[in-house]
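Chemist: The structure under discussion is supplied below as structure tokens; questions concerning it will follow.
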Amino acid sequence: MNAWEPIAAEPATARPVAFDVRRAGADGGAPPTPLVFASPHSGRLYPDDMMAAAALDALAIRRSEDAFVDDLIAAAPGLGASVITARFARAYIDLNREAFELDPGMFADELPEFARARTARVAAGLGAIARVVSEGQEIYARKLTFAEARTRIEGAHRPYHAALAGLIAEARAAHGFAILIDWHSMPAAAAKAGGRDRPCDIVLGDRFGAACAGLLTARVERELEAMGYRVARNTPYAGGYTTEHYGRPARRTHALQIEINRALYLDEARLSPTAGFDRLRGHLEALTRALAAADWSALRAG
């Protein structure tokens, strides 16, 4: 794989679509498995209006991306899992946040009352429109307007989640339940959290058991550990908005967040894949095959 591609240019005539969907099985047919994969943070489109307001250079802003996660799971549709991947960058609009989870200090005008301004994520500068990149650097050279935020939400956040909800509904209609895997990557430094002697390779976030049946988390954990990965649960990542919003086991929708240590596959300084990329991709393909072939009939009971 080549070094990181340059930031994708925004077409002059029309804003690009917010996401890509690749369905498993034949178009128009029922999904062959209950699996739905999502990658909300791997987008690499940075519209001109964002870059014109930015204080940081392109490389600094891109450190918030879950770089190449969409490529790591690219084989999933052929293995039975439908996939939705973001096209806009996380720093432009974070799809793993509630739509109006906004920081009032970022805006020149007053936010409407329905905007969620008092959350831990907003306080950290990581609301639906991020104030900082992962190193804590301020992204913008000026305050934004609420109209700019609404454009991002209506143009990217809402259609992405409408499409994701549709994929989940299709899986549930065909199989009686749905399994959503929300794929992410984490900085190598974060993998050392929790006082561990050694960094973990992968964190499984199931909202401490609230977002999915325990048998799903246990099966993913067992498969990954058999491949030699050090797996942790819920620390430091228990699952974000997607896991919390869609994970409703009583309604036969099970959501699990998977965070991958970037040291396994990425040069974080250069934002380019390392020799470990192909090995990890092969293991994730094996995991997908195992999940697609597994007997999940117990999940139909809700």
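By order in the structure tokens, chains are A, B, ...; within a chain, residues start at 1; ligands start at 1, following the order shown.
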Stretch 195-293 of chain A near stretch 31-45 of chain A within 10 Å: what's each residue's closest atom pair and its distance in Å to one decimal, counting only C-alpha atoms, ordered by chain then ascending residue number, as JSON lines?

Modeler:
```
{"residue": "A:Thr242", "atom": "CA", "partner": "A:Pro40", "partner_atom": "CA", "distance": 9.1}
{"residue": "A:Thr253", "atom": "CA", "partner": "A:Pro34", "partner_atom": "CA", "distance": 9.6}
{"residue": "A:His254", "atom": "CA", "partner": "A:Leu35", "partner_atom": "CA", "distance": 9.8}
{"residue": "A:Ala255", "atom": "CA", "partner": "A:Val36", "partner_atom": "CA", "distance": 9.4}
{"residue": "A:Leu256", "atom": "CA", "partner": "A:Phe37", "partner_atom": "CA", "distance": 9.9}
{"residue": "A:Gln257", "atom": "CA", "partner": "A:Ala38", "partner_atom": "CA", "distance": 9.5}
{"residue": "A:Thr288", "atom": "CA", "partner": "A:Leu35", "partner_atom": "CA", "distance": 8.9}
{"residue": "A:Leu291", "atom": "CA", "partner": "A:Leu35", "partner_atom": "CA", "distance": 8.0}
{"residue": "A:Ala292", "atom": "CA", "partner": "A:Thr33", "partner_atom": "CA", "distance": 6.2}
{"residue": "A:Ala293", "atom": "CA", "partner": "A:Thr33", "partner_atom": "CA", "distance": 8.5}
```

Chemist: May I have the residues within 12 Å of A:Ala171 as a count of residues only, using only C-alpha atoms and disregarding those fewer than 3 positions away in the same chain?

Modeler: 32

Chemist: Would you mind telling me which residue in A:Glu268, A:Asp49, A:Asp295, A:Glu110 lies nearest to A:Glu65 when using only C-alpha atoms?

Modeler: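 Looking at the shortest contact to A:Glu65, the residue is A:Glu268.
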
Chemist: Point out the residue among A:Leu204, A:Leu111, A:Ile84, A:Ile258 with the least atom-to-atom distance to A:His161, counting only C-alpha atoms.

Modeler: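 Smallest distance to A:His161 is found for A:Ile84.
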
Chemist: Please run DSSP on the backbone and report, as number ranges by chain, all residues within stretch 41-246 of chain A that come out as strand (DSSP E or B).

Modeler: A: 45, 54, 82-86, 88, 107, 132, 138, 140, 144, 178-186, 202-205, 231-233

Chemist: Among stretch 33-125 of chain A, which residues carry a DSSP assignment of alpha helix (DSSP H), reported as a PyMOL selection string?

Modeler: chain A and resi 48-53+58-61+69-72+76-79+120-123

Chemist: Would you output that residue set with all heavy atoms, as a compact mmCIF listing (two decimals), in the first residue's frame?

Modeler:
```
# COMPACT_ATOMS: atom_id res chain seq x y z
N ASP A 48 -13.71 22.52 1.40
CA ASP A 48 -12.98 23.79 1.33
C ASP A 48 -13.38 24.75 2.43
O ASP A 48 -12.55 25.50 2.94
CB ASP A 48 -13.21 24.44 -0.04
CG ASP A 48 -12.54 23.69 -1.18
OD1 ASP A 48 -11.61 22.90 -0.89
OD2 ASP A 48 -12.93 23.90 -2.34
N ASP A 49 -14.67 24.77 2.80
CA ASP A 49 -15.11 25.73 3.81
C ASP A 49 -14.46 25.42 5.16
O ASP A 49 -14.13 26.34 5.92
CB ASP A 49 -16.63 25.74 3.92
CG ASP A 49 -17.22 24.39 4.30
OD1 ASP A 49 -16.68 23.36 3.86
OD2 ASP A 49 -18.23 24.36 5.02
N MET A 50 -14.24 24.16 5.46
CA MET A 50 -13.56 23.81 6.70
C MET A 50 -12.10 24.24 6.66
O MET A 50 -11.59 24.86 7.61
CB MET A 50 -13.64 22.30 6.94
CG MET A 50 -12.85 21.86 8.16
SD MET A 50 -12.72 20.08 8.34
CE MET A 50 -11.69 20.02 9.81
N MET A 51 -11.40 23.91 5.59
CA MET A 51 -9.99 24.21 5.52
C MET A 51 -9.72 25.72 5.50
O MET A 51 -8.71 26.19 6.02
CB MET A 51 -9.37 23.55 4.28
CG MET A 51 -9.44 22.02 4.29
SD MET A 51 -8.78 21.27 5.80
CE MET A 51 -7.07 21.79 5.74
N ALA A 52 -10.66 26.49 4.94
CA ALA A 52 -10.49 27.94 4.93
C ALA A 52 -10.57 28.53 6.33
O ALA A 52 -9.98 29.57 6.61
CB ALA A 52 -11.55 28.58 4.03
N ALA A 53 -11.31 27.84 7.23
CA ALA A 53 -11.46 28.33 8.61
C ALA A 53 -10.44 27.73 9.56
O ALA A 53 -10.38 28.12 10.72
CB ALA A 53 -12.87 28.00 9.12
N ALA A 58 -2.88 20.48 7.16
CA ALA A 58 -3.63 19.27 6.85
C ALA A 58 -3.17 18.07 7.67
O ALA A 58 -3.98 17.30 8.18
CB ALA A 58 -3.51 18.97 5.36
N LEU A 59 -1.87 17.90 7.82
CA LEU A 59 -1.36 16.73 8.53
C LEU A 59 -1.81 16.74 9.99
O LEU A 59 -2.22 15.70 10.53
CB LEU A 59 0.16 16.68 8.46
CG LEU A 59 0.82 15.47 9.13
CD1 LEU A 59 0.39 14.18 8.45
CD2 LEU A 59 2.34 15.59 9.10
N ALA A 60 -1.78 17.88 10.63
CA ALA A 60 -2.19 17.96 12.04
C ALA A 60 -3.66 17.61 12.20
O ALA A 60 -4.04 16.88 13.12
CB ALA A 60 -1.91 19.35 12.58
N ILE A 61 -4.51 18.11 11.31
CA ILE A 61 -5.94 17.83 11.42
C ILE A 61 -6.21 16.35 11.22
O ILE A 61 -7.06 15.75 11.88
CB ILE A 61 -6.74 18.66 10.40
CG1 ILE A 61 -6.59 20.15 10.71
CG2 ILE A 61 -8.22 18.28 10.42
CD1 ILE A 61 -7.26 21.06 9.68
N VAL A 69 -9.04 2.37 8.52
CA VAL A 69 -9.95 1.36 9.08
C VAL A 69 -10.93 0.87 8.02
O VAL A 69 -11.28 -0.31 7.98
CB VAL A 69 -10.67 1.92 10.32
CG1 VAL A 69 -11.84 1.02 10.73
CG2 VAL A 69 -9.69 2.05 11.49
N ASP A 70 -11.38 1.77 7.15
CA ASP A 70 -12.27 1.34 6.08
C ASP A 70 -11.59 0.32 5.17
O ASP A 70 -12.23 -0.62 4.68
CB ASP A 70 -12.78 2.54 5.28
CG ASP A 70 -11.67 3.46 4.78
OD1 ASP A 70 -10.51 3.35 5.25
OD2 ASP A 70 -11.96 4.32 3.93
N ASP A 71 -10.28 0.46 4.95
CA ASP A 71 -9.56 -0.51 4.13
C ASP A 71 -9.36 -1.83 4.86
O ASP A 71 -9.35 -2.90 4.24
CB ASP A 71 -8.21 0.06 3.72
CG ASP A 71 -8.34 1.25 2.78
OD1 ASP A 71 -9.27 1.24 1.94
OD2 ASP A 71 -7.54 2.19 2.88
N LEU A 72 -9.20 -1.77 6.17
CA LEU A 72 -9.03 -3.00 6.95
C LEU A 72 -10.25 -3.90 6.87
O LEU A 72 -10.13 -5.12 6.94
CB LEU A 72 -8.73 -2.66 8.41
CG LEU A 72 -7.34 -2.11 8.72
CD1 LEU A 72 -7.28 -1.60 10.16
CD2 LEU A 72 -6.26 -3.16 8.49
N ALA A 76 -15.31 -7.23 3.90
CA ALA A 76 -16.47 -7.72 4.66
C ALA A 76 -17.71 -7.99 3.80
O ALA A 76 -18.39 -9.00 4.04
CB ALA A 76 -16.80 -6.74 5.79
N PRO A 77 -18.08 -7.16 2.82
CA PRO A 77 -19.29 -7.48 2.04
C PRO A 77 -19.22 -8.84 1.35
O PRO A 77 -20.22 -9.56 1.27
CB PRO A 77 -19.36 -6.33 1.03
CG PRO A 77 -18.67 -5.20 1.72
CD PRO A 77 -17.53 -5.83 2.47
N GLY A 78 -18.04 -9.20 0.88
CA GLY A 78 -17.89 -10.51 0.25
C GLY A 78 -17.93 -11.66 1.23
O GLY A 78 -18.07 -12.82 0.83
N LEU A 79 -17.83 -11.35 2.51
CA LEU A 79 -17.85 -12.37 3.56
C LEU A 79 -19.18 -12.40 4.30
O LEU A 79 -19.34 -13.18 5.24
CB LEU A 79 -16.70 -12.10 4.55
CG LEU A 79 -15.30 -12.08 3.92
CD1 LEU A 79 -14.27 -11.65 4.96
CD2 LEU A 79 -14.94 -13.45 3.35
N ALA A 120 -19.51 15.37 28.49
CA ALA A 120 -18.08 15.18 28.73
C ALA A 120 -17.30 15.28 27.43
O ALA A 120 -16.17 15.80 27.39
CB ALA A 120 -17.83 13.84 29.40
N ARG A 121 -17.88 14.80 26.33
CA ARG A 121 -17.18 14.84 25.05
C ARG A 121 -17.03 16.28 24.56
O ARG A 121 -15.98 16.66 24.03
CB ARG A 121 -17.92 13.96 24.03
CG ARG A 121 -17.83 12.49 24.36
CD ARG A 121 -18.56 11.61 23.38
NE ARG A 121 -20.00 11.77 23.40
CZ ARG A 121 -20.87 10.77 23.45
NH1 ARG A 121 -20.45 9.52 23.50
NH2 ARG A 121 -22.17 10.99 23.43
N VAL A 122 -18.07 17.07 24.73
CA VAL A 122 -17.97 18.49 24.36
C VAL A 122 -16.92 19.18 25.22
O VAL A 122 -16.10 19.97 24.73
CB VAL A 122 -19.34 19.18 24.49
CG1 VAL A 122 -19.18 20.70 24.47
CG2 VAL A 122 -20.27 18.74 23.37
N ALA A 123 -16.91 18.89 26.51
CA ALA A 123 -15.94 19.50 27.42
C ALA A 123 -14.51 19.17 27.01
O ALA A 123 -13.59 19.97 27.20
CB ALA A 123 -16.19 19.05 28.85
```
